[in-house]
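What follows is final_32.txt (compact mmCIF, C-alpha atoms).
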# COMPACT_ATOMS: atom_id res chain seq x y z
CA MET U 3 8.70 13.19 3.77
CA GLY U 4 8.80 16.42 1.81
CA LEU U 5 5.67 17.75 0.16
CA ASN U 6 7.39 17.49 -3.24
CA ALA U 7 8.36 13.83 -2.87
CA THR U 8 6.27 11.06 -4.43
CA PRO U 9 5.31 8.68 -1.61
CA SER U 10 6.81 5.21 -1.83
CA ALA U 11 3.31 3.68 -1.90
CA ASN U 12 2.48 5.68 -5.06
CA ARG U 13 5.63 4.64 -6.94
CA ILE U 14 5.94 1.71 -9.33
CA HIS U 15 7.71 -1.12 -7.48
CA ILE U 16 10.14 -3.09 -9.65
CA GLY U 17 11.48 -6.30 -8.12
CA PHE U 18 14.54 -8.18 -9.40
CA PHE U 19 14.41 -11.93 -8.77
CA GLY U 20 16.44 -15.00 -9.65
CA CYS U 21 18.96 -17.56 -8.42
CA ARG U 22 22.12 -16.75 -6.53
CA ASN U 23 24.94 -15.39 -8.67
CA ALA U 24 22.71 -14.83 -11.70
CA GLY U 25 23.76 -11.18 -11.55
CA LYS U 26 20.61 -9.59 -10.14
CA SER U 27 22.52 -6.90 -8.26
CA SER U 28 24.71 -6.19 -11.29
CA ILE U 29 21.62 -5.75 -13.48
CA VAL U 30 20.07 -3.47 -10.83
CA ASN U 31 23.19 -1.30 -10.83
CA ALA U 32 23.30 -1.22 -14.64
CA VAL U 33 19.62 -0.26 -14.92
CA THR U 34 19.82 2.49 -12.30
CA GLY U 35 23.28 3.74 -13.25
CA GLN U 36 24.16 3.68 -9.54
CA ASP U 37 25.88 1.31 -7.14
CA LEU U 38 22.67 0.53 -5.29
CA ALA U 39 23.46 -3.12 -4.62
CA VAL U 40 26.61 -4.85 -3.41
CA VAL U 41 28.11 -6.97 -6.18
CA SER U 42 30.30 -10.03 -5.60
CA ASN U 43 31.23 -13.32 -7.24
CA ILE U 44 30.26 -15.03 -3.98
CA ALA U 45 26.81 -16.63 -4.24
CA GLY U 46 24.32 -15.21 -1.75
CA THR U 47 25.85 -11.76 -1.30
CA THR U 48 22.38 -10.20 -1.11
CA THR U 49 20.87 -11.58 2.10
CA ASP U 50 17.78 -9.37 2.48
CA PRO U 51 15.56 -7.49 0.05
CA VAL U 52 17.12 -4.08 -0.52
CA GLN U 53 15.01 -1.23 -1.86
CA LYS U 54 15.73 2.25 -3.14
CA THR U 55 13.36 5.04 -4.22
CA MET U 56 14.52 6.93 -7.29
CA GLU U 57 13.55 8.38 -10.67
CA LEU U 58 13.97 5.98 -13.57
CA LEU U 59 13.22 6.94 -17.15
CA PRO U 60 10.93 6.25 -18.91
CA LEU U 61 8.88 5.24 -15.84
CA GLY U 62 9.37 8.19 -13.48
CA PRO U 63 9.23 7.69 -9.68
CA VAL U 64 9.96 4.04 -8.83
CA VAL U 65 11.08 1.76 -6.02
CA ILE U 66 13.81 -0.68 -7.05
CA ILE U 67 13.94 -3.91 -5.02
CA ASP U 68 16.92 -6.28 -5.16
CA THR U 69 16.15 -9.67 -3.61
CA PRO U 70 18.19 -12.62 -2.28
CA GLY U 71 18.65 -15.69 -4.46
CA PHE U 72 15.50 -17.79 -4.61
CA ASP U 73 17.62 -20.94 -4.46
CA ASP U 74 19.16 -20.05 -1.09
CA GLU U 75 19.73 -23.00 1.24
CA GLY U 76 19.71 -23.86 4.93
CA THR U 77 17.60 -22.43 7.74
CA LEU U 78 18.63 -18.84 7.06
CA GLY U 79 18.25 -19.41 3.35
CA ALA U 80 14.65 -20.54 3.83
CA GLN U 81 13.91 -17.34 5.75
CA ARG U 82 15.45 -15.28 2.93
CA VAL U 83 13.34 -17.09 0.35
CA LEU U 84 10.23 -16.37 2.44
CA ARG U 85 11.10 -12.67 2.52
CA THR U 86 11.57 -12.74 -1.24
CA LYS U 87 8.12 -14.30 -1.66
CA ARG U 88 6.63 -11.55 0.48
CA THR U 89 8.34 -8.98 -1.74
CA LEU U 90 6.16 -10.23 -4.60
CA ASN U 91 3.10 -8.86 -2.79
CA ARG U 92 4.28 -5.29 -3.36
CA THR U 93 5.86 -5.78 -6.77
CA ASP U 94 4.22 -4.09 -9.77
CA ILE U 95 6.76 -5.33 -12.33
CA ALA U 96 9.03 -8.37 -11.89
CA VAL U 97 12.40 -8.85 -13.56
CA LEU U 98 13.66 -12.44 -13.57
CA VAL U 99 17.43 -12.44 -14.01
CA VAL U 100 18.80 -15.70 -15.46
CA ASP U 101 22.44 -16.63 -16.00
CA ALA U 102 22.56 -16.92 -19.80
CA SER U 103 25.38 -19.44 -19.62
CA ARG U 104 23.18 -21.80 -17.56
CA GLY U 105 19.75 -21.07 -18.99
CA MET U 106 16.37 -21.39 -17.28
CA GLY U 107 16.26 -23.84 -14.39
CA ALA U 108 13.56 -25.26 -12.14
CA ILE U 109 13.85 -22.33 -9.69
CA ASP U 110 13.45 -19.81 -12.51
CA THR U 111 10.39 -21.66 -13.78
CA GLN U 112 8.96 -21.62 -10.23
CA LEU U 113 9.39 -17.85 -10.10
CA VAL U 114 7.63 -17.40 -13.45
CA ASP U 115 4.74 -19.49 -12.09
CA LEU U 116 4.55 -17.19 -9.04
CA PHE U 117 4.54 -14.08 -11.25
CA GLN U 118 1.67 -15.52 -13.25
CA GLN U 119 -0.28 -16.63 -10.18
CA LYS U 120 -0.05 -13.14 -8.71
CA LEU U 121 -0.78 -11.48 -12.08
CA ILE U 122 2.49 -9.56 -12.02
CA PRO U 123 3.76 -8.42 -15.44
CA TYR U 124 7.32 -9.63 -15.89
CA VAL U 125 10.33 -9.83 -18.18
CA VAL U 126 13.04 -12.49 -18.22
CA VAL U 127 16.55 -11.07 -18.64
CA TYR U 128 19.33 -13.44 -19.66
CA ASN U 129 22.35 -11.77 -18.05
CA LYS U 130 26.01 -12.46 -18.95
CA SER U 131 25.08 -12.74 -22.62
CA ASP U 132 28.58 -11.47 -23.42
CA LEU U 133 29.75 -15.01 -22.60
CA LEU U 134 27.60 -16.51 -25.38
CA ASP U 135 28.86 -17.21 -28.90
CA HIS U 136 25.49 -16.18 -30.32
CA VAL U 137 22.98 -13.81 -28.70
CA PRO U 138 19.36 -14.58 -29.68
CA ALA U 139 16.93 -11.81 -30.59
CA ALA U 140 14.68 -10.40 -27.90
CA GLN U 141 11.25 -12.02 -27.58
CA ASP U 142 7.94 -10.98 -26.02
CA GLU U 143 8.82 -11.95 -22.45
CA CYS U 144 12.60 -12.22 -22.53
CA LEU U 145 15.69 -10.40 -23.72
CA TRP U 146 19.43 -10.84 -23.54
CA ALA U 147 21.68 -8.39 -21.73
CA SER U 148 25.04 -7.98 -20.07
CA ALA U 149 25.52 -5.94 -16.93
CA LYS U 150 29.26 -6.03 -17.67
CA THR U 151 29.13 -4.50 -21.16
CA GLY U 152 25.83 -2.65 -20.86
CA SER U 153 24.28 -4.38 -23.85
CA GLY U 154 20.52 -4.83 -23.61
CA ILE U 155 20.16 -2.47 -20.64
CA HIS U 156 18.45 0.27 -22.66
CA GLU U 157 16.10 -2.33 -24.11
CA LEU U 158 15.33 -3.55 -20.59
CA LYS U 159 14.41 -0.03 -19.47
CA GLU U 160 12.11 0.37 -22.46
CA ARG U 161 10.51 -3.00 -21.72
CA LEU U 162 9.91 -1.94 -18.11
CA GLY U 163 8.26 1.23 -19.39
CA SER U 164 5.90 -0.81 -21.56
CA LEU U 165 4.97 -3.05 -18.60
CA ALA U 166 4.23 -0.17 -16.23
CA PRO U 167 0.61 -0.01 -14.99
CA LYS U 168 -1.33 2.53 -17.01
CA GLU U 169 -2.55 5.47 -14.96
CA ASP U 170 -6.32 5.58 -14.59
CA PRO U 171 -7.46 9.24 -14.61
CA SER U 172 -10.60 8.26 -12.70
CA HIS U 173 -8.56 6.74 -9.86
CA ARG U 174 -8.64 9.68 -7.45
CA LEU U 175 -8.76 10.17 -3.72
CA LEU U 176 -11.59 12.74 -3.74
CA ALA U 177 -11.36 14.88 -6.89
CA ASP U 178 -14.26 12.99 -8.49
CA LEU U 179 -16.49 13.89 -5.53
CA VAL U 180 -16.25 17.68 -5.92
CA ALA U 181 -16.52 20.29 -8.67
CA PRO U 182 -14.39 23.32 -9.59
CA GLY U 183 -15.04 26.19 -7.19
CA ASP U 184 -16.28 23.98 -4.36
CA PHE U 185 -15.07 24.39 -0.80
CA VAL U 186 -13.70 21.22 0.80
CA VAL U 187 -13.11 21.34 4.56
CA LEU U 188 -10.36 19.03 5.79
CA VAL U 189 -10.45 18.49 9.56
CA CYS U 190 -6.99 17.64 10.86
CA PRO U 191 -6.67 17.22 14.65
CA ILE U 192 -3.35 18.21 16.16
CA ASP U 193 -2.74 16.01 19.19
CA GLU U 194 0.10 14.05 20.75
CA SER U 195 0.02 11.50 17.92
CA ALA U 196 0.20 14.08 15.11
CA PRO U 197 3.61 14.28 13.39
CA LYS U 198 5.55 17.34 14.49
CA GLY U 199 5.64 20.13 11.95
CA ARG U 200 3.99 18.23 9.09
CA MET U 201 0.78 16.68 7.79
CA ILE U 202 0.20 12.95 7.51
CA LEU U 203 0.20 11.54 3.98
CA PRO U 204 -3.60 11.18 3.44
CA GLN U 205 -4.02 14.83 4.45
CA GLN U 206 -1.32 15.91 1.98
CA MET U 207 -2.93 13.83 -0.75
CA ALA U 208 -6.38 15.29 -0.02
CA ILE U 209 -5.09 18.86 -0.25
CA ARG U 210 -3.38 18.18 -3.58
CA ASP U 211 -6.33 16.26 -5.05
CA THR U 212 -8.71 19.05 -4.06
CA LEU U 213 -6.49 21.58 -5.82
CA ASP U 214 -6.24 19.36 -8.90
CA ALA U 215 -10.04 19.32 -9.05
CA GLY U 216 -10.13 23.13 -9.12
CA ALA U 217 -11.79 23.13 -5.71
CA MET U 218 -10.62 25.02 -2.62
CA PRO U 219 -9.30 23.15 0.43
CA VAL U 220 -9.93 24.72 3.82
CA VAL U 221 -7.92 23.07 6.59
CA CYS U 222 -8.81 23.36 10.28
CA ARG U 223 -8.78 21.45 13.55
CA GLU U 224 -11.96 19.95 14.93
CA THR U 225 -11.93 22.66 17.61
CA GLU U 226 -12.27 25.35 14.91
CA LEU U 227 -14.76 23.50 12.68
CA THR U 228 -17.85 25.37 13.93
CA ILE U 229 -16.39 28.80 13.27
CA THR U 230 -14.94 27.63 9.97
CA LEU U 231 -18.35 26.54 8.70
CA GLU U 232 -19.90 29.82 9.92
CA ARG U 233 -17.30 32.03 8.25
CA LEU U 234 -17.28 30.20 4.93
CA GLY U 235 -20.70 31.63 4.15
CA THR U 236 -21.23 28.97 1.46
CA PRO U 237 -21.68 25.38 2.69
CA PRO U 238 -18.75 23.20 1.65
CA ALA U 239 -19.32 20.44 -0.88
CA LEU U 240 -17.55 17.99 1.40
CA VAL U 241 -16.10 17.68 4.90
CA VAL U 242 -13.33 15.13 5.42
CA THR U 243 -12.20 14.35 8.94
CA ASP U 244 -9.57 12.35 10.70
CA SER U 245 -11.34 9.27 12.02
CA GLN U 246 -10.45 10.03 15.63
CA ALA U 247 -12.57 13.20 15.49
CA PHE U 248 -15.59 11.48 13.89
CA ARG U 249 -17.95 11.94 16.83
CA VAL U 250 -17.25 15.66 17.28
CA VAL U 251 -17.24 16.44 13.54
CA ASP U 252 -20.46 14.47 12.96
CA GLU U 253 -22.22 16.51 15.64
CA VAL U 254 -20.95 19.86 14.33
CA THR U 255 -21.42 19.30 10.59
CA PRO U 256 -25.01 19.85 9.36
CA ASN U 257 -26.58 16.68 8.03
CA SER U 258 -27.04 18.30 4.62
CA ILE U 259 -23.25 18.48 4.14
CA PRO U 260 -21.55 15.26 2.95
CA LEU U 261 -19.11 13.92 5.52
CA THR U 262 -16.50 11.18 5.32
CA SER U 263 -12.99 10.43 6.60
CA PHE U 264 -9.48 10.28 5.22
CA SER U 265 -9.38 6.59 6.11
CA ILE U 266 -12.57 5.79 4.20
CA LEU U 267 -11.31 7.71 1.18
CA MET U 268 -8.05 5.78 1.40
CA ALA U 269 -9.92 2.46 1.54
CA ARG U 270 -11.70 3.41 -1.67
CA TYR U 271 -8.45 4.61 -3.26
CA LYS U 272 -6.70 1.33 -2.39
CA GLY U 273 -9.63 -0.73 -3.68
CA PHE U 274 -11.01 -2.40 -0.57
CA LEU U 275 -13.86 -0.15 0.60
CA HIS U 276 -16.61 -2.70 -0.15
CA THR U 277 -14.73 -5.42 1.72
CA ALA U 278 -13.95 -3.15 4.67
CA VAL U 279 -17.56 -2.01 5.08
CA ALA U 280 -18.78 -5.61 4.94
CA GLY U 281 -16.08 -6.73 7.37
CA VAL U 282 -16.79 -4.12 10.04
CA ALA U 283 -20.05 -5.88 10.94
CA ALA U 284 -17.86 -8.43 12.73
CA VAL U 285 -17.25 -5.82 15.46
CA GLU U 286 -20.80 -6.46 16.68
CA ARG U 287 -20.24 -10.24 16.71
CA LEU U 288 -17.07 -10.28 18.83
CA ARG U 289 -17.19 -12.54 21.87
CA ASP U 290 -15.18 -12.91 25.05
CA GLY U 291 -11.76 -14.35 24.27
CA ASP U 292 -11.77 -13.43 20.56
CA THR U 293 -8.47 -12.16 19.12
CA VAL U 294 -8.38 -9.06 16.93
CA LEU U 295 -5.36 -8.23 14.77
CA MET U 296 -4.45 -4.54 14.51
CA ALA U 297 -2.30 -4.30 11.37
CA GLU U 298 -0.28 -1.31 10.23
CA GLY U 299 1.50 -0.96 6.91
CA CYS U 300 4.32 1.19 8.25
CA THR U 301 6.56 1.26 11.29
CA HIS U 302 6.73 4.38 13.43
CA HIS U 303 7.51 5.52 16.93
CA ARG U 304 4.38 4.85 18.95
CA GLN U 305 3.06 7.58 21.22
CA CYS U 306 1.57 6.86 24.65
CA ASN U 307 -1.95 7.15 23.18
CA ASP U 308 -1.27 5.41 19.87
CA ILE U 309 -4.32 4.93 17.62
CA GLY U 310 -3.66 1.30 16.68
CA THR U 311 -2.34 -0.13 19.91
CA VAL U 312 -4.18 1.96 22.50
CA LYS U 313 -7.19 3.95 21.29
CA ILE U 314 -8.98 1.51 18.98
CA PRO U 315 -8.42 -1.50 21.32
CA ARG U 316 -9.87 0.58 24.18
CA TRP U 317 -12.85 1.66 22.06
CA LEU U 318 -13.41 -1.94 20.94
CA ARG U 319 -13.56 -3.25 24.50
CA THR U 320 -15.84 -0.40 25.59
CA HIS U 321 -18.15 -0.69 22.58
CA THR U 322 -18.50 -4.47 22.70
CA GLY U 323 -18.21 -4.96 26.45
CA LYS U 324 -16.12 -8.06 25.68
CA ASP U 325 -12.81 -9.31 27.02
CA LEU U 326 -10.81 -9.24 23.79
CA ASN U 327 -7.26 -10.26 22.98
CA ILE U 328 -5.49 -7.65 20.84
CA GLN U 329 -2.45 -8.50 18.73
CA THR U 330 -0.53 -6.07 16.54
CA CYS U 331 1.75 -6.22 13.52
CA SER U 332 3.45 -3.47 11.56
CA GLY U 333 5.54 -2.96 8.46
CA ARG U 334 5.93 -6.08 6.37
CA ASP U 335 5.30 -8.53 9.21
CA PHE U 336 1.71 -9.29 8.20
CA PRO U 337 0.99 -12.93 9.17
CA GLU U 338 0.06 -15.35 6.40
CA ASP U 339 -1.99 -17.52 8.78
CA LEU U 340 -4.97 -15.47 9.94
CA SER U 341 -6.98 -18.37 11.37
CA PRO U 342 -6.40 -17.28 15.01
CA TYR U 343 -8.21 -13.98 14.42
CA ALA U 344 -11.90 -13.10 14.59
CA LEU U 345 -11.25 -9.79 12.82
CA VAL U 346 -8.42 -7.91 11.09
CA ILE U 347 -8.48 -4.11 11.44
CA HIS U 348 -5.92 -2.59 9.09
CA CYS U 349 -4.65 0.97 8.93
CA GLY U 350 -5.49 3.14 5.90
CA GLY U 351 -2.55 1.63 4.02
CA CYS U 352 -1.23 4.97 2.82
CA MET U 353 2.42 3.85 3.10
CA ILE U 354 2.09 0.52 1.27
CA THR U 355 1.12 -0.20 -2.30
CA GLU U 356 -2.40 -0.95 -3.48
CA ARG U 357 -1.18 -4.40 -4.55
CA GLU U 358 0.06 -5.20 -1.04
CA VAL U 359 -3.10 -3.94 0.69
CA GLN U 360 -5.24 -6.03 -1.62
CA TYR U 361 -3.00 -9.05 -1.06
CA ARG U 362 -3.62 -8.73 2.69
CA MET U 363 -7.33 -8.33 2.07
CA ARG U 364 -7.40 -11.48 -0.10
CA CYS U 365 -5.46 -13.42 2.55
CA ALA U 366 -8.25 -12.60 5.00
CA GLN U 367 -11.02 -13.37 2.50
CA ASP U 368 -9.49 -16.73 1.56
CA GLN U 369 -9.38 -17.70 5.24
CA GLY U 370 -12.85 -16.44 6.05
CA VAL U 371 -11.62 -13.67 8.38
CA PRO U 372 -13.47 -10.30 8.29
CA PHE U 373 -11.21 -7.44 7.14
CA THR U 374 -11.80 -3.73 7.74
CA ASN U 375 -9.75 -0.62 8.48
CA TYR U 376 -9.23 1.87 11.29
CA GLY U 377 -11.53 4.60 10.01
CA ILE U 378 -14.42 2.31 9.17
CA ALA U 379 -14.18 0.57 12.55
CA ILE U 380 -14.20 3.95 14.32
CA ALA U 381 -17.17 5.12 12.23
CA GLN U 382 -19.04 1.94 13.18
CA MET U 383 -18.36 2.43 16.88
CA THR U 384 -19.30 6.12 16.82
CA GLY U 385 -22.48 5.58 14.82
CA ALA U 386 -21.21 7.63 11.87
CA LEU U 387 -20.68 4.83 9.34
CA GLU U 388 -23.97 5.19 7.48
CA ARG U 389 -23.44 8.90 7.00
CA SER U 390 -19.78 8.55 6.06
CA VAL U 391 -20.48 6.24 3.09
CA ARG U 392 -23.51 8.06 1.64
CA LEU U 393 -21.14 9.57 -0.93
CA PHE U 394 -20.71 6.12 -2.45
CA PRO U 395 -24.13 4.81 -3.54
CA GLU U 396 -23.09 1.18 -4.13
CA VAL U 397 -21.36 0.96 -0.75
CA HIS U 398 -24.25 2.71 0.98
CA ALA U 399 -26.73 0.28 -0.58
CA GLN U 400 -24.52 -2.60 0.55
CA LEU U 401 -24.55 -1.27 4.10
CA GLU U 402 -28.31 -0.67 4.09
CA LYS U 403 -28.93 -4.20 2.83
CA ALA U 404 -26.67 -5.66 5.51
Please go through the file and, once you have read it, give me the structure as structure tokens.
Amino acid sequence: MGLNATPSANRIHIGFFGCRNAGKSSIVNAVTGQDLAVVSNIAGTTTDPVQKTMELLPLGPVVIIDTPGFDDEGTLGAQRVLRTKRTLNRTDIAVLVVDASRGMGAIDTQLVDLFQQKLIPYVVVYNKSDLLDHVPAAQDECLWASAKTGSGIHELKERLGSLAPKEDPSHRLLADLVAPGDFVVLVCPIDESAPKGRMILPQQMAIRDTLDAGAMPVVCRETELTITLERLGTPPALVVTDSQAFRVVDEVTPNSIPLTSFSILMARYKGFLHTAVAGVAAVERLRDGDTVLMAEGCTHHRQCNDIGTVKIPRWLRTHTGKDLNIQTCSGRDFPEDLSPYALVIHCGGCMITEREVQYRMRCAQDQGVPFTNYGIAIAQMTGALERSVRLFPEVHAQLEKA
């Protein structure tokens, strides 16, 4: 990913839903002005959710998702419907496409119910309105359009713009923790798991957010942290480290300097820091035979010493002294049934939307399964957790009380 590109996780996700042959793909193509989706008169042409990152006015950077018909049939059809349901977990705005010549049916009503249950803002688009003798006026939650003639498409774009989540200026990764002129030291280990020739997304975000705050980011490896702190002259306002270097960085950084990790900042940014800090206590309660789920939001080529499948499982077994079963999932394959697990340890979630991370968190909460993330689990096992959350008084008080 280029440094100038908006990450997919930070884009507004717009999902197009409806029955087969309602014209979802045609509406997608009309809205984007591109042939993003295959169009056919054959019902069920779209067999898997298809997504595309792009710029769409008046919204800006977005992810467009075209989904299979929600009325698909048979064994494969049921699997497609399940994938469509999962797409809702990362959808910020839903577009329900209805065949205007048929009107709303039971499946369409079911989709509206799902939008409302998941608190997803939505608009109902009656496509193929060119086939009607009379086109009704647009209403609060629905409008009439034709992908064939282009009528109503501009109105749909404007409606999407009005439904877009409003940006909260206080929703920052770390800019609210520092002041203009402050030094911020970002400790970024370069090992076999580091991406070649680039920074990982949380590191990129931290650099940019520091600059936006008028502060000065200083980037180094953990092996150069001591000399970096000596040569700065002025103590930094904050040190942020990769979780894997917690132990070394905690020892090197004077106790008077606030210290946290990229993963902890990301948990706060994604809205699950309180839950993750509460959930990490389950590490100390693990017993022989318990199963821990290591969940990642993205898929990537795993190195021989991968953090999620090798390092943290090894640290867990060493720290607890227990014979644990470790299972992993990645990408969108997060299990809905979490009852087999004593603990879910999720990645930072930088590559998936806040809505999807919180959906996964709520799945765990609803089933009584503790939920935490990589960085917080590592901080717990290295003894650095208390120090790493001092920056956040409410969370620190929660930890002290626990």
*asked:* With only C-alpha atoms as the counted atoms, please give the residues lying no more than 7 Å from range 240-244 of chain U, apart from itself and same-chain residues fewer than 4 positions off, as an MDAnalysis selection string.
replied: chainID U and resid 186:191 248 259:264
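The space separating CA of Ile192 in chain U from CA of Ala247 in chain U comes to 10.5 Å.
Taking CA of Gly333 in chain U as the reference point, CA of Glu358 in chain U is found at 11.2 Å.
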*Among the residues U:Met106, U:Ile14, U:Leu326, U:Ala297, the one that comes closest to Pro60 in chain U [using all atoms listed in the file]*: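 With all atoms listed in the file as the atom set, the closest residue is U:Ile14.
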_Contact residues around Asn327 in chain U with only C-alpha atoms at 8 Å, ignoring same-chain residues under 5 positions, as an NGL selection string_ = :U and (291-294)
Next, write the just-selected residues to a file, as an mmCIF file, in the coordinates of the input, keeping C-alpha atoms as the atom set.
data_model
loop_
_atom_site.group_PDB
_atom_site.id
_atom_site.type_symbol
_atom_site.label_atom_id
_atom_site.label_comp_id
_atom_site.auth_asym_id
_atom_site.auth_seq_id
_atom_site.Cartn_x
_atom_site.Cartn_y
_atom_site.Cartn_z
ATOM 1 C CA GLY U 291 -11.760 -14.350 24.270
ATOM 2 C CA ASP U 292 -11.770 -13.430 20.560
ATOM 3 C CA THR U 293 -8.470 -12.160 19.120
ATOM 4 C CA VAL U 294 -8.380 -9.060 16.930
#
Selected range 258-303 of chain U, written as a PDB file, in the first residue's frame, C-alpha atoms:
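Produced file selection-v4.pdb, reproduced below:
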ATOM      1  CA  SER U 258       8.630   9.224  33.835  1.00  0.00           C
ATOM      2  CA  ILE U 259       8.049   8.969  30.059  1.00  0.00           C
ATOM      3  CA  PRO U 260       4.595   7.717  28.973  1.00  0.00           C
ATOM      4  CA  LEU U 261       4.817   4.431  27.097  1.00  0.00           C
ATOM      5  CA  THR U 262       2.242   2.490  25.102  1.00  0.00           C
ATOM      6  CA  SER U 263       2.028   0.363  21.952  1.00  0.00           C
ATOM      7  CA  PHE U 264       0.670   0.687  18.446  1.00  0.00           C
ATOM      8  CA  SER U 265      -1.704  -2.181  19.191  1.00  0.00           C
ATOM      9  CA  ILE U 266      -3.122  -0.519  22.299  1.00  0.00           C
ATOM     10  CA  LEU U 267      -3.588   2.743  20.411  1.00  0.00           C
ATOM     11  CA  MET U 268      -5.349   0.812  17.653  1.00  0.00           C
ATOM     12  CA  ALA U 269      -7.668  -0.865  20.178  1.00  0.00           C
ATOM     13  CA  ARG U 270      -8.655   2.572  21.444  1.00  0.00           C
ATOM     14  CA  TYR U 271      -9.053   3.895  17.892  1.00  0.00           C
ATOM     15  CA  LYS U 272     -11.303   0.961  16.946  1.00  0.00           C
ATOM     16  CA  GLY U 273     -13.377   1.354  20.109  1.00  0.00           C
ATOM     17  CA  PHE U 274     -12.639  -1.808  22.068  1.00  0.00           C
ATOM     18  CA  LEU U 275      -9.838  -0.878  24.482  1.00  0.00           C
ATOM     19  CA  HIS U 276     -11.984  -1.236  27.625  1.00  0.00           C
ATOM     20  CA  THR U 277     -13.205  -4.657  26.518  1.00  0.00           C
ATOM     21  CA  ALA U 278      -9.723  -5.815  25.542  1.00  0.00           C
ATOM     22  CA  VAL U 279      -8.162  -4.779  28.862  1.00  0.00           C
ATOM     23  CA  ALA U 280     -10.941  -6.523  30.779  1.00  0.00           C
ATOM     24  CA  GLY U 281     -10.651  -9.621  28.595  1.00  0.00           C
ATOM     25  CA  VAL U 282      -6.901 -10.075  28.976  1.00  0.00           C
ATOM     26  CA  ALA U 283      -7.365 -11.179  32.596  1.00  0.00           C
ATOM     27  CA  ALA U 284      -8.539 -14.503  31.144  1.00  0.00           C
ATOM     28  CA  VAL U 285      -4.902 -15.258  30.239  1.00  0.00           C
ATOM     29  CA  GLU U 286      -4.259 -15.908  33.936  1.00  0.00           C
ATOM     30  CA  ARG U 287      -7.272 -18.237  34.179  1.00  0.00           C
ATOM     31  CA  LEU U 288      -6.392 -20.549  31.283  1.00  0.00           C
ATOM     32  CA  ARG U 289      -6.311 -24.244  32.131  1.00  0.00           C
ATOM     33  CA  ASP U 290      -4.895 -27.362  30.519  1.00  0.00           C
ATOM     34  CA  GLY U 291      -6.895 -28.245  27.418  1.00  0.00           C
ATOM     35  CA  ASP U 292      -8.418 -24.773  26.915  1.00  0.00           C
ATOM     36  CA  THR U 293      -8.674 -23.534  23.317  1.00  0.00           C
ATOM     37  CA  VAL U 294      -7.575 -20.017  22.399  1.00  0.00           C
ATOM     38  CA  LEU U 295      -8.580 -18.415  19.096  1.00  0.00           C
ATOM     39  CA  MET U 296      -5.937 -16.242  17.423  1.00  0.00           C
ATOM     40  CA  ALA U 297      -7.892 -14.034  15.003  1.00  0.00           C
ATOM     41  CA  GLU U 298      -6.464 -11.785  12.312  1.00  0.00           C
ATOM     42  CA  GLY U 299      -8.402  -9.305  10.229  1.00  0.00           C
ATOM     43  CA  CYS U 300      -6.228  -9.664   7.142  1.00  0.00           C
ATOM     44  CA  THR U 301      -4.580 -12.455   5.206  1.00  0.00           C
ATOM     45  CA  HIS U 302      -0.844 -12.369   4.579  1.00  0.00           C
ATOM     46  CA  HIS U 303       2.081 -14.628   3.878  1.00  0.00           C
TER      47      HIS U 303
END
